[in-house]
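Single-structure report; data block below.
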Amino acid sequence: MKHRIVILGAGYAGTIAAGRLARRLHDDDVEITLVNAEPDFVERVRMHQLATGQHLRDRPLRELLAGTGVTLRVARVTSVDVDTRSIALDDGSDLGYDTLVYALGSARDDHGVRGVFEHAHEVASRPGALRLRQRLHALAPGSRVVVVGGGLTGIEAASEIAESFEHLDVAIAVRGSFGDWLSPSGQRHLRGTFDRLGVTVHERTGVSRVDATSVTADDGATIPADVTVWAAGFAAHPIAASSGLAVTDRGQIVVDETMRSVSHPDVYAVGDAALGHTTVGTPLRMSCASGVPMAWQAADSIVARLTGGKLPHTPLTYVHQCISLGRRDGLIQFVTPDDRARSFAPGGRLMARYKELICTGAAWAVTHPVPYPTRRRRVATTTVPVVAAAR
């Protein structure tokens with residue numbers, strides 16, 4: 001009987017894990033199923049572009065998976081039962097597994113702020129970005145757009161909207177100092193770009209309420225907003241917390257260095273759904289930059305344990321943060337392995353091209369999960385000791 005591997009979620013991490021497993025395990029021994037709510041792979045790092053009306057390439061998952069042996073199930077996961085090793089889908093069916101890779105990702109986090117889900121738009125998903133695009137194109141000149149959140153998502157959304165809709169009044173509200181995690185040179189470039197784009201920056205402005213035509217700050221001040229874009233962080237999909245897996249207070253699955261659940265060894269978690277750590281011990285942030293190496297580590301660990309090979313040691317460290325500031329400007333903040341800003345942070349048109357190269361490379365990694373020839377390994381019929389990788 002074939003070993004059943006099920007991957008939940010076809011974002012960057014889930015799709016790469018599925019393809020890597022298929023290219024490293026013999027299809028006579030394993031049955032790999034990828035479950036996703038949409039039939040297409042979505043470039044989540046480009047949702048701010050989609051929201052402003054830019055065309056993104058269609059990437060049907062069936063085409064991406066053609067010839068790999070991976071079975072695609074287009075359905076929404078409603079629950080996971082780790083005791084019976086079964087997954088309930090919204091089409092009424094159940095799916096069993098021997099090994100599970102949980103990659104359901106994250107969605108916007110309202111942080112308990114009233115009115116977010118009723119009145120604010122988001123760019124965390126394709127449906128959300130498309131709704132925002134329709135609303136932005138319907139706005140009259142002089143209409144006010146407020147982006148809440150000063151992280152990468154908020155910065156990219158605000159700059160993209162300001163560049164694409166010069167007739168709109170765009171503002172961003174950030175809880176702390178604007179770009180305070182960047183180096184001094186990075187902050188200077190960021191502020192200069194927002195000044196050039198005409199974006200109003202409300203610093204030290206936490207938001208306590210969102211209404212249809214305004215946002216209310218913690219101090220009671222009101223900021224007029226014909227459209228509010230909520231980009232104040234992400235929360236893990238709630239299914240993990242209800243499954244019985246060990247999770248953090250934010251709902252992320254706690255994993256070891258091989259991306260295996262610390263409570264259920266037949267479950268692996270990757271991407272935003274998991275709390276992993278860098279090689280130097282600091283928590284991995286929710287990002288594509290974390291999800292891709294986490295997928296490599298999980299897939300190769302599964303292969304090693306099934307075939308008796310050597311456990312991998314994928315470097316889980318950071319090099320830089322790439323920030324698009326519209327189509328004609330960008331900022332590359334170089335960081336330490338544990339993600340702290342270094343002094344070097346070049347910006348400008350060339351950095352916009354570099355960011356585009358990074359985004360294109362991330363999509364390429366989905367279609368080339370193992371970018372070099374590899375031998376498909378046979379699953380061991382008996383338990384084979386796993387060899388730890390040399391450090």
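For the structure tokens, the naming scheme is as follows: chains receive sequential letters (A, B, ...) according to their order of presentation, residues are indexed from 1 within each chain, and ligands are indexed from 1 in presentation order.
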
For A:Gly115, please output as a CSV table (one decimal) with N, CA and C atoms, in the first residue's frame all residues within 12 Å (counting only C-alpha atoms; exclusion window: fewer than 5 positions along the same chain).
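Output saved as part26.csv:
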```
chain,number,residue,atom,x,y,z
A,110,ASP,N,-7.2,41.2,12.7
A,110,ASP,CA,-7.9,42.4,13.1
A,110,ASP,C,-7.5,42.9,14.4
A,120,ALA,N,-13.1,47.4,6.3
A,120,ALA,CA,-11.8,47.6,5.7
A,120,ALA,C,-11.6,46.5,4.6
A,121,HIS,N,-10.8,47.0,3.6
A,121,HIS,CA,-10.3,46.1,2.5
A,121,HIS,C,-9.0,45.5,2.9
A,207,VAL,N,-4.7,52.3,15.6
A,207,VAL,CA,-6.1,52.4,15.2
A,207,VAL,C,-7.0,51.5,16.1
A,208,SER,N,-8.1,52.1,16.7
A,208,SER,CA,-8.9,51.4,17.6
A,208,SER,C,-10.3,51.1,16.9
A,209,ARG,N,-10.6,51.7,15.8
A,209,ARG,CA,-11.9,51.4,15.2
A,209,ARG,C,-11.9,51.8,13.7
A,210,VAL,N,-12.6,51.0,12.9
A,210,VAL,CA,-12.7,51.3,11.5
A,210,VAL,C,-14.2,51.5,11.2
A,211,ASP,N,-14.6,52.6,10.6
A,211,ASP,CA,-16.0,52.8,10.1
A,211,ASP,C,-16.0,53.0,8.6
A,212,ALA,N,-17.2,53.2,8.1
A,212,ALA,CA,-17.3,53.2,6.6
A,212,ALA,C,-16.6,54.4,6.0
A,213,THR,N,-16.4,55.5,6.7
A,213,THR,CA,-15.8,56.7,6.1
A,213,THR,C,-14.7,57.3,7.0
A,214,SER,N,-14.2,56.5,7.9
A,214,SER,CA,-13.1,57.0,8.8
A,214,SER,C,-12.5,55.9,9.6
A,215,VAL,N,-11.3,56.2,10.1
A,215,VAL,CA,-10.7,55.3,11.1
A,215,VAL,C,-10.4,56.2,12.3
A,216,THR,N,-10.6,55.6,13.5
A,216,THR,CA,-10.4,56.3,14.8
A,216,THR,C,-9.1,55.8,15.4
A,228,THR,N,-10.6,52.2,3.5
A,228,THR,CA,-9.5,51.8,4.4
A,228,THR,C,-8.9,50.4,4.0
A,229,VAL,N,-7.6,50.3,3.9
A,229,VAL,CA,-6.9,49.1,3.6
A,229,VAL,C,-6.2,48.6,4.9
A,230,TRP,N,-6.6,47.4,5.4
A,230,TRP,CA,-6.1,46.9,6.6
A,230,TRP,C,-4.9,46.0,6.3
```

**Request:** Give me the residues within 9 Å of A:His277 as a PyMOL selection string, counting only C-alpha atoms and dropping any in the same chain fewer than 2 places off.
**Result:** chain A and resi 255-257+275+279-285+316-317

**Item:** Contacts of stretch 84-90 of chain A at 10 Å (only C-alpha atoms; same-chain gap of 3+ positions) as a VMD selection string
**Value:** chain A and resid 6 8 35 37 73 to 81 93 to 100 243 266 to 267

Dump as a compact mmCIF listing (two decimals), in the first residue's frame, selection limited to C-alpha atoms:
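Okay, again-v2.txt is ready:
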```txt
# COMPACT_ATOMS: atom_id res chain seq x y z
CA VAL A 6 -1.28 15.18 1.87
CA LEU A 8 -2.85 21.43 2.68
CA VAL A 35 -5.45 20.41 -1.47
CA ALA A 37 -9.32 26.23 -2.14
CA ARG A 73 -7.96 18.51 -4.97
CA VAL A 74 -9.69 21.88 -5.32
CA ALA A 75 -11.60 22.13 -2.07
CA ARG A 76 -11.60 24.07 1.17
CA VAL A 77 -10.37 22.35 4.33
CA THR A 78 -12.95 22.51 7.11
CA SER A 79 -11.17 20.50 9.81
CA VAL A 80 -8.18 18.30 10.57
CA ASP A 81 -8.38 15.34 12.95
CA SER A 93 -15.56 14.20 1.56
CA ASP A 94 -12.79 13.07 3.91
CA LEU A 95 -9.16 12.58 3.04
CA GLY A 96 -6.85 10.27 4.98
CA TYR A 97 -3.09 10.65 5.31
CA ASP A 98 0.01 8.96 6.63
CA THR A 99 2.09 12.14 6.51
CA LEU A 100 0.55 15.61 6.53
CA SER A 243 -6.99 20.19 15.45
CA ASP A 266 3.36 12.57 11.32
CA VAL A 267 2.56 16.26 10.76
```

**Prompt:** Got a sec to tell me which of stretch 133-286 of chain A DSSP assigns to strand (DSSP E), as a ChimeraX atom specification?
**Reply:** /A:144-148,169-173,200-202,207-210,214-217,222-224,227-230,234-236,253-254,267-269,274-275

**Selection near A:Thr258, 6 Å with only C-alpha atoms, sequence-local residues under 2 positions removed, as a PyMOL selection string** = chain A and resi 256+260+297-298

Saved selection, atoms kept: N, CA and C atoms, as a compact mmCIF listing (two decimals), in the first residue's frame:
```
# COMPACT_ATOMS: atom_id res chain seq x y z
N ASP A 256 9.83 21.54 15.07
CA ASP A 256 11.25 21.44 15.38
C ASP A 256 12.06 21.92 14.19
N ARG A 260 8.84 19.50 11.66
CA ARG A 260 7.89 18.50 12.14
C ARG A 260 7.24 18.99 13.42
N GLN A 297 13.14 22.31 3.67
CA GLN A 297 13.54 21.55 4.85
C GLN A 297 12.53 20.45 5.18
N ALA A 298 11.24 20.78 5.12
CA ALA A 298 10.21 19.80 5.45
C ALA A 298 10.21 18.65 4.44
```

**Asked** Looking at only C-alpha atoms, which of A:His111, A:Ser324, A:Val199, A:Gly186 is the one that sits closest to A:Gln49?
**Response** A:Ser324
